[in-house]
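Trainee: Sharing target.cif here; it has mmCIF, C-alpha atoms.
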data_upload
loop_
_atom_site.label_atom_id
_atom_site.label_comp_id
_atom_site.auth_asym_id
_atom_site.auth_seq_id
_atom_site.Cartn_x
_atom_site.Cartn_y
_atom_site.Cartn_z
CA MET A 1 0.00 0.00 0.00
CA PRO A 2 2.81 2.54 0.66
CA PHE A 3 3.70 2.26 -3.01
CA SER A 4 0.21 3.29 -3.94
CA ILE A 5 0.43 6.37 -1.73
CA ILE A 6 3.60 7.49 -3.49
CA LEU A 7 2.14 6.97 -6.96
CA ALA A 8 -1.28 8.31 -6.03
CA SER A 9 0.23 11.50 -4.73
CA ALA A 10 2.11 11.94 -7.98
CA LEU A 11 -1.12 12.15 -9.92
CA THR A 12 -3.36 15.20 -10.05
CA LEU A 13 -5.20 14.19 -6.94
CA ASP A 14 -6.40 17.51 -5.68
CA ALA A 15 -9.88 17.51 -7.23
CA PRO A 16 -10.84 21.19 -7.10
CA THR A 17 -13.48 22.04 -4.52
CA ILE A 18 -16.83 23.31 -5.69
CA PHE A 19 -16.34 26.62 -3.90
CA PRO A 20 -12.73 27.53 -4.89
CA SER A 21 -10.91 30.03 -2.74
CA SER A 22 -11.31 32.76 -5.40
CA GLN A 23 -14.79 33.18 -3.92
CA GLY A 24 -13.18 34.16 -0.61
CA GLU A 25 -12.62 31.50 2.08
CA PRO A 26 -13.58 28.08 0.56
CA PHE A 27 -16.91 27.15 2.12
CA LEU A 28 -16.51 23.34 2.20
CA GLU A 29 -12.89 22.42 1.62
CA TRP A 30 -13.42 18.65 1.31
CA LEU A 31 -16.49 18.85 -0.95
CA SER A 32 -14.68 18.40 -4.23
CA ASN A 33 -16.64 18.14 -7.45
CA SER A 34 -16.06 14.38 -7.65
CA VAL A 35 -17.37 13.86 -4.13
CA PHE A 36 -20.43 15.96 -4.98
CA VAL A 37 -21.11 13.86 -8.09
CA SER A 38 -20.64 10.60 -6.19
CA VAL A 39 -23.26 11.75 -3.68
CA CYS A 40 -25.64 12.57 -6.54
CA VAL A 41 -25.02 9.18 -8.17
CA ALA A 42 -25.55 7.34 -4.88
CA ALA A 43 -28.78 9.27 -4.25
CA PHE A 44 -30.01 8.43 -7.74
CA ILE A 45 -29.29 4.70 -7.29
CA ILE A 46 -30.97 4.59 -3.88
CA TRP A 47 -34.02 6.45 -5.20
CA PHE A 48 -34.28 4.09 -8.19
CA ALA A 49 -33.88 1.03 -5.98
CA ARG A 50 -36.62 2.17 -3.61
CA GLN A 51 -38.84 3.12 -6.54
CA ALA A 52 -38.43 -0.36 -8.03
CA THR A 53 -39.01 -2.22 -4.80
CA LYS A 54 -41.81 -0.09 -3.34
CA ASN A 55 -44.77 -2.38 -3.99
CA MET A 56 -43.31 -5.61 -5.22
CA THR A 57 -45.88 -7.71 -7.08
CA VAL A 58 -45.62 -11.29 -8.29
CA VAL A 59 -46.07 -10.07 -11.85
CA PRO A 60 -43.41 -7.34 -11.78
CA GLY A 61 -44.02 -3.87 -13.18
CA PRO A 62 -41.53 -2.34 -15.65
CA THR A 63 -39.02 -0.85 -13.17
CA GLN A 64 -39.19 -3.83 -10.86
CA ASN A 65 -38.72 -6.16 -13.82
CA PHE A 66 -35.65 -4.25 -14.99
CA PHE A 67 -34.24 -4.19 -11.47
CA GLU A 68 -34.77 -7.91 -11.03
CA ALA A 69 -33.14 -8.61 -14.40
CA VAL A 70 -30.04 -6.64 -13.39
CA VAL A 71 -29.74 -8.30 -9.99
CA GLN A 72 -30.41 -11.78 -11.36
CA GLY A 73 -27.90 -11.34 -14.17
CA LEU A 74 -25.19 -10.15 -11.78
CA TYR A 75 -25.97 -12.96 -9.34
CA ASP A 76 -25.61 -15.65 -12.01
CA LEU A 77 -22.41 -14.12 -13.40
CA ILE A 78 -20.73 -13.90 -10.00
CA GLU A 79 -21.98 -17.35 -9.01
CA SER A 80 -20.42 -18.83 -12.15
CA ILE A 81 -17.05 -17.45 -11.04
CA VAL A 82 -17.02 -17.55 -7.27
CA GLY A 83 -19.10 -20.68 -6.73
CA ALA A 84 -22.47 -21.20 -5.10
CA HIS A 85 -21.18 -21.22 -1.53
CA MET A 86 -19.29 -17.93 -1.60
CA VAL A 87 -21.70 -15.93 -3.76
CA ALA A 88 -24.14 -15.22 -0.94
CA ARG A 89 -21.44 -13.46 1.09
CA VAL A 90 -19.73 -11.72 -1.79
CA PHE A 91 -22.62 -10.65 -4.00
CA SER A 92 -23.71 -7.49 -2.17
CA LEU A 93 -20.32 -5.73 -2.32
CA LEU A 94 -19.53 -6.75 -5.90
CA ALA A 95 -22.97 -5.81 -7.24
CA THR A 96 -22.79 -2.44 -5.48
CA LEU A 97 -19.35 -1.78 -6.94
CA PHE A 98 -20.58 -2.69 -10.41
CA ILE A 99 -23.76 -0.59 -10.28
CA PHE A 100 -22.03 2.41 -8.70
CA ILE A 101 -19.16 2.46 -11.19
CA LEU A 102 -21.49 1.89 -14.15
CA VAL A 103 -23.92 4.67 -13.16
CA SER A 104 -21.10 7.12 -12.36
CA ASN A 105 -19.35 6.35 -15.67
CA TRP A 106 -22.54 6.93 -17.66
CA PHE A 107 -23.46 9.91 -15.49
CA ALA A 108 -20.20 11.49 -16.68
CA LEU A 109 -21.39 11.43 -20.28
CA LEU A 110 -24.37 13.69 -19.62
CA PRO A 111 -23.95 17.21 -21.04
CA GLY A 112 -22.83 19.74 -18.45
CA VAL A 113 -20.60 17.39 -16.49
CA GLY A 114 -17.11 18.86 -16.66
CA SER A 115 -18.13 21.73 -18.88
CA VAL A 116 -19.90 23.96 -16.37
CA GLY A 117 -17.85 25.65 -13.66
CA TRP A 118 -15.31 28.25 -12.64
CA GLY A 119 -12.57 29.24 -15.10
CA GLN A 120 -11.13 32.09 -17.11
CA ALA A 121 -11.36 33.10 -20.75
CA GLY A 122 -9.10 30.93 -22.89
CA GLU A 123 -8.59 30.68 -26.62
CA TYR A 124 -11.57 28.34 -26.85
CA GLY A 125 -13.83 30.96 -25.34
CA PHE A 126 -14.48 30.26 -21.66
CA ASN A 127 -11.86 27.80 -20.38
CA VAL A 128 -13.29 25.86 -17.43
CA THR A 129 -10.53 25.03 -14.94
CA ALA A 130 -12.66 24.00 -11.93
CA PRO A 131 -15.73 22.18 -13.29
CA LEU A 132 -18.72 21.97 -10.97
CA LEU A 133 -19.54 18.37 -11.89
CA ARG A 134 -16.82 15.83 -12.63
CA PRO A 135 -17.13 12.04 -13.00
CA THR A 136 -16.37 10.27 -9.71
CA THR A 137 -14.04 7.69 -11.24
CA ALA A 138 -12.04 10.41 -12.97
CA ASP A 139 -10.62 11.11 -9.54
CA MET A 140 -7.89 8.76 -8.28
CA ASN A 141 -9.09 9.02 -4.66
CA MET A 142 -12.40 7.33 -5.46
CA THR A 143 -10.98 4.39 -7.37
CA LEU A 144 -8.18 3.84 -4.83
CA ALA A 145 -10.74 3.93 -2.01
CA MET A 146 -12.93 1.35 -3.74
CA ALA A 147 -9.95 -0.92 -4.40
CA ALA A 148 -8.72 -0.60 -0.80
CA VAL A 149 -12.17 -1.41 0.60
CA PHE A 150 -12.36 -4.45 -1.63
CA MET A 151 -8.92 -5.68 -0.55
CA CYS A 152 -9.91 -5.46 3.13
CA PHE A 153 -13.07 -7.48 2.44
CA TRP A 154 -11.06 -9.91 0.33
CA LEU A 155 -8.64 -10.51 3.22
CA TYR A 156 -11.53 -10.97 5.67
CA TRP A 157 -13.39 -13.38 3.37
CA SER A 158 -10.32 -15.39 2.52
CA ILE A 159 -9.24 -15.87 6.12
CA THR A 160 -12.72 -16.64 7.43
CA GLU A 161 -13.40 -18.94 4.49
CA VAL A 162 -10.30 -21.14 4.50
CA GLY A 163 -8.73 -20.32 7.87
CA VAL A 164 -5.43 -18.60 8.52
CA LYS A 165 -3.35 -21.78 8.21
CA ASN A 166 -4.80 -22.66 4.81
CA PHE A 167 -4.59 -19.05 3.68
CA LEU A 168 -0.85 -18.95 4.42
CA ASN A 169 -0.50 -22.40 2.95
CA HIS A 170 -2.10 -21.13 -0.25
CA ILE A 171 0.62 -18.51 -0.48
CA PHE A 172 3.77 -20.07 0.98
CA GLY A 173 2.93 -23.75 1.07
CA VAL A 174 4.61 -26.46 -0.99
CA LYS A 175 2.25 -27.01 -3.91
CA GLY A 176 1.99 -29.89 -6.36
CA GLY A 177 1.37 -32.56 -3.74
CA LEU A 178 5.08 -33.16 -3.08
CA THR A 179 5.97 -35.14 0.05
CA GLY A 180 9.08 -36.31 1.94
CA ILE A 181 12.58 -35.13 1.06
CA MET A 182 11.53 -33.38 -2.14
CA ALA A 183 9.11 -31.19 -0.16
CA LEU A 184 11.80 -30.34 2.38
CA ALA A 185 14.26 -29.47 -0.35
CA LEU A 186 11.82 -27.15 -2.09
CA ILE A 187 10.68 -25.23 0.98
CA PRO A 188 13.04 -22.23 0.37
CA VAL A 189 11.97 -22.11 -3.27
CA PHE A 190 8.30 -21.98 -2.34
CA LEU A 191 9.03 -19.37 0.31
CA PHE A 192 10.45 -17.16 -2.40
CA VAL A 193 7.43 -17.92 -4.59
CA GLY A 194 5.28 -16.84 -1.65
CA ILE A 195 7.04 -13.50 -1.43
CA ILE A 196 6.37 -12.86 -5.11
CA GLU A 197 2.77 -13.88 -4.49
CA VAL A 198 2.48 -11.34 -1.68
CA VAL A 199 3.96 -8.59 -3.87
CA SER A 200 1.47 -9.35 -6.64
CA MET A 201 -1.37 -9.31 -4.14
CA ALA A 202 -0.20 -5.96 -2.77
CA PHE A 203 -0.19 -4.56 -6.30
CA ARG A 204 -3.76 -5.68 -7.02
CA PRO A 205 -5.49 -2.62 -5.51
CA MET A 206 -3.09 -0.43 -7.45
CA SER A 207 -3.83 -2.14 -10.76
CA LEU A 208 -7.59 -2.14 -10.09
CA SER A 209 -7.70 1.56 -9.28
CA LEU A 210 -5.23 2.70 -11.95
CA ARG A 211 -7.07 0.75 -14.65
CA LEU A 212 -10.44 2.31 -13.83
CA PHE A 213 -9.00 5.78 -13.26
CA GLY A 214 -6.83 5.66 -16.41
CA ASN A 215 -9.63 4.55 -18.70
CA VAL A 216 -12.14 7.13 -17.49
CA PHE A 217 -9.56 9.92 -17.35
CA ALA A 218 -8.28 9.09 -20.85
CA GLY A 219 -11.87 8.96 -22.11
CA GLU A 220 -12.53 12.40 -20.65
CA THR A 221 -9.45 13.89 -22.32
CA LEU A 222 -10.28 12.07 -25.57
CA LEU A 223 -13.73 13.64 -25.66
CA SER A 224 -12.43 17.12 -24.88
CA THR A 225 -9.74 16.90 -27.57
CA MET A 226 -12.32 15.65 -30.07
CA ILE A 227 -14.65 18.54 -29.27
CA THR A 228 -11.93 21.17 -29.76
CA LEU A 229 -10.51 19.39 -32.85
CA GLY A 230 -11.98 21.94 -35.28
CA LYS A 231 -10.28 24.85 -33.53
CA ASP A 232 -6.96 22.97 -33.26
CA LEU A 233 -6.90 22.45 -37.02
CA LYS A 234 -7.50 26.22 -37.47
CA LEU A 235 -10.58 25.58 -39.62
CA PRO A 236 -12.88 28.55 -40.49
CA ALA A 237 -15.68 29.29 -38.03
CA PRO A 238 -18.77 27.51 -39.51
CA ILE A 239 -16.88 24.28 -40.28
CA ASP A 240 -15.21 23.88 -36.91
CA SER A 241 -18.43 24.40 -34.99
CA ILE A 242 -20.08 21.71 -37.13
CA LEU A 243 -17.06 19.47 -36.61
CA SER A 244 -17.07 20.04 -32.85
CA VAL A 245 -20.58 18.60 -32.78
CA THR A 246 -20.31 15.72 -35.26
CA ILE A 247 -16.84 14.35 -34.47
CA PRO A 248 -17.42 13.47 -30.77
CA ILE A 249 -20.57 11.40 -31.51
CA PRO A 250 -18.79 8.08 -32.24
CA PHE A 251 -16.49 8.69 -29.27
CA TYR A 252 -19.51 9.08 -26.99
CA PHE A 253 -20.61 5.55 -28.04
CA LEU A 254 -17.06 4.40 -27.37
CA GLU A 255 -17.24 5.99 -23.92
CA ILE A 256 -20.58 4.28 -23.20
CA LEU A 257 -18.98 0.93 -24.05
CA VAL A 258 -15.82 1.70 -22.07
CA GLY A 259 -17.92 2.73 -19.06
CA LEU A 260 -19.81 -0.57 -19.11
CA LEU A 261 -16.64 -2.56 -19.85
CA GLN A 262 -14.61 -1.04 -17.02
CA ALA A 263 -17.42 -1.63 -14.54
CA THR A 264 -17.69 -5.28 -15.60
CA VAL A 265 -13.93 -5.71 -15.54
CA PHE A 266 -13.64 -4.26 -12.04
CA MET A 267 -16.30 -6.66 -10.75
CA LEU A 268 -14.98 -9.68 -12.67
CA LEU A 269 -11.43 -9.16 -11.44
CA CYS A 270 -12.61 -8.76 -7.86
CA SER A 271 -14.60 -12.00 -8.07
CA VAL A 272 -11.67 -13.79 -9.70
CA TYR A 273 -9.36 -12.63 -6.89
CA ILE A 274 -11.86 -13.94 -4.36
CA GLN A 275 -12.19 -17.24 -6.18
CA LEU A 276 -8.41 -17.63 -6.34
CA SER A 277 -7.94 -17.36 -2.62
CA THR A 278 -11.06 -19.06 -1.35
CA SER A 279 -11.24 -22.14 -3.55
CA HIS A 280 -11.21 -25.04 -1.13
CA ASP A 281 -8.65 -27.83 -1.42
CA GLU A 282 -10.26 -29.32 -4.49
CA GLU A 283 -7.08 -28.51 -6.43
CA ALA A 284 -5.31 -31.31 -4.61
CA GLY A 285 -7.81 -33.65 -6.30
CA HIS A 286 -7.28 -32.99 -9.99
CA MET B 287 17.44 6.15 -17.41
CA ILE B 288 17.45 4.42 -20.76
CA PRO B 289 14.06 5.83 -21.95
CA GLN B 290 15.34 9.33 -21.16
CA LEU B 291 18.49 8.66 -23.26
CA ILE B 292 16.41 7.38 -26.15
CA ALA B 293 14.04 10.32 -25.85
CA GLU B 294 16.82 12.91 -25.92
CA ALA B 295 18.66 11.16 -28.76
CA ALA B 296 15.52 10.92 -30.88
CA ALA B 297 14.42 14.44 -30.05
CA THR B 298 17.77 15.96 -31.06
CA ALA B 299 18.15 13.73 -34.14
CA GLY B 300 14.79 13.79 -35.86
CA GLY B 301 12.90 16.20 -33.65
CA ILE B 302 10.67 13.29 -32.56
CA THR B 303 8.90 14.15 -29.32
CA GLY B 304 6.24 12.55 -27.20
CA SER B 305 6.36 9.77 -24.63
CA PHE B 306 8.40 6.72 -25.62
CA THR B 307 7.16 4.68 -22.67
CA LEU B 308 3.61 5.11 -23.90
CA ALA B 309 4.57 4.28 -27.48
CA ILE B 310 6.18 0.98 -26.51
CA ALA B 311 3.59 0.03 -23.89
CA GLY B 312 0.71 0.94 -26.19
CA ALA B 313 2.08 -1.16 -29.03
CA ALA B 314 2.73 -4.14 -26.76
CA ALA B 315 -0.71 -3.94 -25.15
CA ALA B 316 -2.37 -3.65 -28.56
CA ILE B 317 -0.60 -6.79 -29.77
CA GLY B 318 -1.60 -8.60 -26.58
CA ILE B 319 -5.23 -7.60 -26.86
CA GLY B 320 -5.26 -8.54 -30.55
CA MET B 321 -3.96 -12.01 -29.79
CA ILE B 322 -6.48 -12.53 -26.98
CA GLY B 323 -9.29 -11.39 -29.28
CA GLY B 324 -8.12 -13.66 -32.08
CA LYS B 325 -7.89 -16.72 -29.87
CA ALA B 326 -11.26 -15.95 -28.30
CA VAL B 327 -12.91 -15.83 -31.72
CA GLU B 328 -11.24 -19.11 -32.64
CA ALA B 329 -12.47 -20.69 -29.41
CA VAL B 330 -16.04 -19.56 -30.03
CA GLY B 331 -15.76 -20.81 -33.61
CA ARG B 332 -14.73 -24.21 -32.31
CA ASN B 333 -17.37 -24.37 -29.57
CA PRO B 334 -20.16 -21.81 -30.12
CA ASN B 335 -22.21 -22.60 -27.03
CA ALA B 336 -19.25 -21.82 -24.77
CA SER B 337 -19.27 -18.21 -25.94
CA GLY B 338 -20.44 -16.93 -22.54
CA LYS B 339 -17.49 -18.39 -20.69
CA VAL B 340 -15.04 -17.43 -23.44
CA LEU B 341 -16.37 -13.86 -23.38
CA THR B 342 -15.84 -13.56 -19.62
CA LEU B 343 -12.31 -14.93 -19.80
CA SER B 344 -11.33 -12.81 -22.79
CA ILE B 345 -12.67 -9.66 -21.10
CA ILE B 346 -10.51 -10.39 -18.04
CA GLY B 347 -7.48 -11.09 -20.24
CA MET B 348 -7.93 -7.94 -22.28
CA ALA B 349 -8.41 -5.83 -19.17
CA LEU B 350 -5.18 -7.09 -17.66
CA ALA B 351 -3.34 -6.42 -20.94
CA GLU B 352 -4.84 -2.95 -21.27
CA ALA B 353 -3.86 -2.06 -17.71
CA ILE B 354 -0.20 -2.02 -18.74
CA ALA B 355 -0.91 0.59 -21.39
CA ILE B 356 -2.86 2.63 -18.84
CA TYR B 357 0.13 2.68 -16.47
CA ALA B 358 2.26 4.07 -19.31
CA LEU B 359 -0.48 6.52 -20.23
CA ILE B 360 -0.50 7.93 -16.72
CA LEU B 361 3.30 8.21 -16.78
CA ALA B 362 3.04 9.93 -20.14
CA PHE B 363 0.66 12.49 -18.65
CA GLN B 364 3.44 13.38 -16.25
CA GLY B 365 5.86 14.01 -19.10
CA ARG B 366 8.02 10.92 -18.70
#
Would you write out, as structure tokens, the structure that this file holds?
Mentor:
Amino acid sequence: MPFSIILASALTLDAPTIFPSSQGEPFLEWLSNSVFVSVCVAAFIIWFARQATKNMTVVPGPTQNFFEAVVQGLYDLIESIVGAHMVARVFSLLATLFIFILVSNWFALLPGVGSVGWGQAGEYGFNVTAPLLRPTTADMNMTLAMAAVFMCFWLYWSITEVGVKNFLNHIFGVKGGLTGIMALALIPVFLFVGIIEVVSMAFRPMSLSLRLFGNVFAGETLLSTMITLGKDLKLPAPIDSILSVTIPIPFYFLEILVGLLQATVFMLLCSVYIQLSTSHDEEAGH
Amino acid sequence: MIPQLIAEAAATAGGITGSFTLAIAGAAAAIGIGMIGGKAVEAVGRNPNASGKVLTLSIIGMALAEAIAIYALILAFQGR
């Protein structure tokens, strides 16, 4: 984790607050635009969930039907990876992660997010430096927090599921069913393998958070460069305004796909990590 | 150290600028993702009703490959 703090601090982590100091003393220092958007996204999800489950009927209405389809689909997908026994414990966190990341990624594509806010006049007209709304996952703090929370739960689930002895055996133990002198001879080798295993496990939250953050951040910059493409190419006024509307359209579809893909990938990788460390000792069988 | 040497040499010689780490990482990740995609299509061609499982595995594989390019992208944003 210390490595992640060094790298995380190197990135542009200071999401600007909604009330920047230029308006006198900043009113709420910690309320950065990403935090504000994450609260809006969470409120929207909670409202939709309550709306769908208000009066549940046997023959579901449209919203309830959609909600059930989403939950059922996620449940089957996670069950196929993590196994029937673990899915009951694991499903709630993974489904929440998936839905929250998906809704916040798609929320970021709405007009006005990132383009309304404080700034000063630039060559593209008004240059927004501190946008009021900014996608939650475009801020390294959020993705790192999600990855760290998952790793804590992963540790808790693994240890409670297979017990501390087995857990350490998974990492440092002599694998391959060796016994007797061969096992004794290979103990130092497997200890070293265990250290590499621990390093790769420590890097998992980093790779989870950097992947999500990088994709959303790159998508955001891609869209902004595509919108200002006409002006960059010094095209005359009517053409570049037409271009700045038509060119980003395919990239918005790309962003919709990337938003869905990154949410699925985050959930899939989390469930694969859980499955890796909590699979019982069937592997000794085959 | 070495990427910096290459960067300076190339910049002075042909005026080539930009991030070399991202160029190399992006190319390698693209090749990796292409191979995963190719093999996934072959697997589905061989066994069409396993497409669900193949899709899940190929998505995980591609995500892991793409993560490497994203690390380089973030380094590139910091001018390395």
Trainee: If the PyMOL selection byres ((chain A) within 12 of (chain B)) were run on this exact file, what residues would it hold? Put them as a short mmCIF file (atom, residue, chain, number, x, y, z; two decimals) with C-alpha atoms, in the frame of the given file.
Mentor:
data_model
loop_
_atom_site.label_atom_id
_atom_site.label_comp_id
_atom_site.auth_asym_id
_atom_site.auth_seq_id
_atom_site.Cartn_x
_atom_site.Cartn_y
_atom_site.Cartn_z
CA LEU A 7 2.14 6.97 -6.96
CA ALA A 8 -1.28 8.31 -6.03
CA ALA A 10 2.11 11.94 -7.98
CA LEU A 11 -1.12 12.15 -9.92
CA THR A 12 -3.36 15.20 -10.05
CA ASP A 76 -25.61 -15.65 -12.01
CA LEU A 77 -22.41 -14.12 -13.40
CA ILE A 78 -20.73 -13.90 -10.00
CA SER A 80 -20.42 -18.83 -12.15
CA ILE A 81 -17.05 -17.45 -11.04
CA MET A 140 -7.89 8.76 -8.28
CA ARG A 204 -3.76 -5.68 -7.02
CA MET A 206 -3.09 -0.43 -7.45
CA SER A 207 -3.83 -2.14 -10.76
CA LEU A 208 -7.59 -2.14 -10.09
CA SER A 209 -7.70 1.56 -9.28
CA LEU A 210 -5.23 2.70 -11.95
CA ARG A 211 -7.07 0.75 -14.65
CA LEU A 212 -10.44 2.31 -13.83
CA PHE A 213 -9.00 5.78 -13.26
CA GLY A 214 -6.83 5.66 -16.41
CA ASN A 215 -9.63 4.55 -18.70
CA VAL A 216 -12.14 7.13 -17.49
CA PHE A 217 -9.56 9.92 -17.35
CA ALA A 218 -8.28 9.09 -20.85
CA GLY A 219 -11.87 8.96 -22.11
CA THR A 221 -9.45 13.89 -22.32
CA VAL A 258 -15.82 1.70 -22.07
CA LEU A 260 -19.81 -0.57 -19.11
CA LEU A 261 -16.64 -2.56 -19.85
CA GLN A 262 -14.61 -1.04 -17.02
CA ALA A 263 -17.42 -1.63 -14.54
CA THR A 264 -17.69 -5.28 -15.60
CA VAL A 265 -13.93 -5.71 -15.54
CA PHE A 266 -13.64 -4.26 -12.04
CA MET A 267 -16.30 -6.66 -10.75
CA LEU A 268 -14.98 -9.68 -12.67
CA LEU A 269 -11.43 -9.16 -11.44
CA CYS A 270 -12.61 -8.76 -7.86
CA SER A 271 -14.60 -12.00 -8.07
CA VAL A 272 -11.67 -13.79 -9.70
CA TYR A 273 -9.36 -12.63 -6.89
#
Trainee: Report the distance between atom CA of Ser344 of chain B and atom CA of Arg332 of chain B in Å, rounded to one decimal place.
Mentor: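 Interatomic distance here is 15.2 Å.
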Trainee: Let me make sure I understand: among B:Leu341, B:Ile292, B:Ala362, B:Ala351, which one has the smallest atom-to-atom distance to Gly318 of chain B if we use all atoms listed in the file?
Mentor: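 Answer, going by the shortest atom-to-atom distance: B:Ala351.
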Trainee: Expand the PyMOL selection byres ((chain A and resi 166-181) around 9) into the individual residues it matches in the shown file, reporting them as JSON, numbers by chain.
Mentor: {"A": [158, 159, 161, 162, 163, 164, 165, 182, 183, 184, 185, 186, 187, 189, 190, 191, 192, 193, 194, 195, 197, 198, 277, 278, 281, 284]}
Trainee: Using atom CA of Glu294 of chain B and atom CA of Ala315 of chain B as the two end points, give the distance in Å to one decimal.
Mentor: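 Between atom CA of Glu294 of chain B and atom CA of Ala315 of chain B the gap works out to 24.3 Å.
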Trainee: Please compute the atom CA of Ser34 of chain A-atom CA of Leu102 of chain A distance, one decimal, in Å.
Mentor: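 Distance between the two atoms: 15.1 Å.
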Trainee: Show which residues sit within 8 Å of segment 252-257 of chain A, as a compact mmCIF listing (two decimals) with C-alpha atoms, keeping the file's coordinate frame. Count all atoms listed in the file, and ignore same-chain residues fewer than 4 positions away.
Mentor:
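Now in out-v6.txt:
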# COMPACT_ATOMS: atom_id res chain seq x y z
CA ASN A 105 -19.35 6.35 -15.67
CA TRP A 106 -22.54 6.93 -17.66
CA LEU A 109 -21.39 11.43 -20.28
CA GLY A 219 -11.87 8.96 -22.11
CA LEU A 223 -13.73 13.64 -25.66
CA PRO A 248 -17.42 13.47 -30.77
CA LEU A 261 -16.64 -2.56 -19.85
Trainee: Spell out the residues picked by the PyMOL selection byres ((chain A and resi 54-71) around 12) here, as a list of chain:residue names.
Mentor: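 Expected selection for the PyMOL selection byres ((chain A and resi 54-71) around 12) here is A:Ile45, A:Ile46, A:Trp47, A:Phe48, A:Ala49, A:Arg50, A:Gln51, A:Ala52, A:Thr53, A:Gln72, A:Gly73, A:Leu74, A:Tyr75, A:Asp76, A:Leu77, A:Ile78, A:Glu79, A:Phe91, A:Ser92, A:Leu94, A:Ala95, A:Thr96, A:Phe98, A:Ile99.
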Trainee: Let me have the centre and edge lengths in Å, one decimal, of the box along x, y and z around every listed atom of segment 108-116 of chain A with 8 Å of margin on each side, as lines of an AutoDock Vina configuration file.
Mentor:
center_x = -20.7
center_y = 17.7
center_z = -18.7
size_x = 23.3
size_y = 28.5
size_z = 20.7
Trainee: Which residues are near Leu243 of chain A? Cut-off 8 Å, all atoms listed in the file, ignore same chain within fewer than 2 positions. Put them as a list in words.
Mentor: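 Surrounding residues, per the criterion: Ile227, Leu229, Gly230, Ile239, Asp240, Ser241, Val245, Thr246 and Ile247 of chain A.
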Trainee: Quick one: residues within 9 Å of (6.6, 6.7, -24.9) (file frame), counting only C-alpha atoms, please, as a PDB file with C-alpha atoms, keeping the file's coordinate frame.
Mentor:
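Output contents, as saved in selection.pdb:
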ATOM      1  CA  PRO B 289      14.060   5.830 -21.950  1.00  0.00           C
ATOM      2  CA  ALA B 293      14.040  10.320 -25.850  1.00  0.00           C
ATOM      3  CA  THR B 303       8.900  14.150 -29.320  1.00  0.00           C
ATOM      4  CA  GLY B 304       6.240  12.550 -27.200  1.00  0.00           C
ATOM      5  CA  SER B 305       6.360   9.770 -24.630  1.00  0.00           C
ATOM      6  CA  PHE B 306       8.400   6.720 -25.620  1.00  0.00           C
ATOM      7  CA  THR B 307       7.160   4.680 -22.670  1.00  0.00           C
ATOM      8  CA  LEU B 308       3.610   5.110 -23.900  1.00  0.00           C
ATOM      9  CA  ALA B 309       4.570   4.280 -27.480  1.00  0.00           C
ATOM     10  CA  ILE B 310       6.180   0.980 -26.510  1.00  0.00           C
ATOM     11  CA  ALA B 311       3.590   0.030 -23.890  1.00  0.00           C
ATOM     12  CA  GLY B 312       0.710   0.940 -26.190  1.00  0.00           C
ATOM     13  CA  ALA B 358       2.260   4.070 -19.310  1.00  0.00           C
ATOM     14  CA  LEU B 359      -0.480   6.520 -20.230  1.00  0.00           C
ATOM     15  CA  LEU B 361       3.300   8.210 -16.780  1.00  0.00           C
ATOM     16  CA  ALA B 362       3.040   9.930 -20.140  1.00  0.00           C
ATOM     17  CA  ARG B 366       8.020  10.920 -18.700  1.00  0.00           C
TER      18      ARG B 366
END
Trainee: Please complete segment 343-352 of chain B with N, CA and C atoms and give it back as a PDB file, keeping the file's coordinate frame.
Mentor:
ATOM      1  N   LEU B 343     -13.766 -14.771 -19.927  1.00  0.00           N
ATOM      2  CA  LEU B 343     -12.310 -14.930 -19.800  1.00  0.00           C
ATOM      3  C   LEU B 343     -11.576 -13.936 -20.684  1.00  0.00           C
ATOM      4  N   SER B 344     -12.086 -13.716 -21.913  1.00  0.00           N
ATOM      5  CA  SER B 344     -11.330 -12.810 -22.790  1.00  0.00           C
ATOM      6  C   SER B 344     -11.427 -11.379 -22.271  1.00  0.00           C
ATOM      7  N   ILE B 345     -12.576 -11.014 -21.653  1.00  0.00           N
ATOM      8  CA  ILE B 345     -12.670  -9.660 -21.100  1.00  0.00           C
ATOM      9  C   ILE B 345     -11.626  -9.484 -19.991  1.00  0.00           C
ATOM     10  N   ILE B 346     -11.488 -10.505 -19.132  1.00  0.00           N
ATOM     11  CA  ILE B 346     -10.510 -10.390 -18.040  1.00  0.00           C
ATOM     12  C   ILE B 346      -9.105 -10.290 -18.630  1.00  0.00           C
ATOM     13  N   GLY B 347      -8.813 -11.122 -19.634  1.00  0.00           N
ATOM     14  CA  GLY B 347      -7.480 -11.090 -20.240  1.00  0.00           C
ATOM     15  C   GLY B 347      -7.178  -9.745 -20.862  1.00  0.00           C
ATOM     16  N   MET B 348      -8.165  -9.232 -21.608  1.00  0.00           N
ATOM     17  CA  MET B 348      -7.930  -7.940 -22.280  1.00  0.00           C
ATOM     18  C   MET B 348      -7.761  -6.840 -21.251  1.00  0.00           C
ATOM     19  N   ALA B 349      -8.517  -6.908 -20.163  1.00  0.00           N
ATOM     20  CA  ALA B 349      -8.410  -5.830 -19.170  1.00  0.00           C
ATOM     21  C   ALA B 349      -7.020  -5.824 -18.561  1.00  0.00           C
ATOM     22  N   LEU B 350      -6.517  -7.031 -18.266  1.00  0.00           N
ATOM     23  CA  LEU B 350      -5.180  -7.090 -17.660  1.00  0.00           C
ATOM     24  C   LEU B 350      -4.140  -6.574 -18.652  1.00  0.00           C
ATOM     25  N   ALA B 351      -4.315  -6.908 -19.951  1.00  0.00           N
ATOM     26  CA  ALA B 351      -3.340  -6.420 -20.940  1.00  0.00           C
ATOM     27  C   ALA B 351      -3.434  -4.908 -21.057  1.00  0.00           C
ATOM     28  N   GLU B 352      -4.673  -4.395 -21.061  1.00  0.00           N
ATOM     29  CA  GLU B 352      -4.840  -2.950 -21.270  1.00  0.00           C
ATOM     30  C   GLU B 352      -4.292  -2.165 -20.075  1.00  0.00           C
TER      31      GLU B 352
END
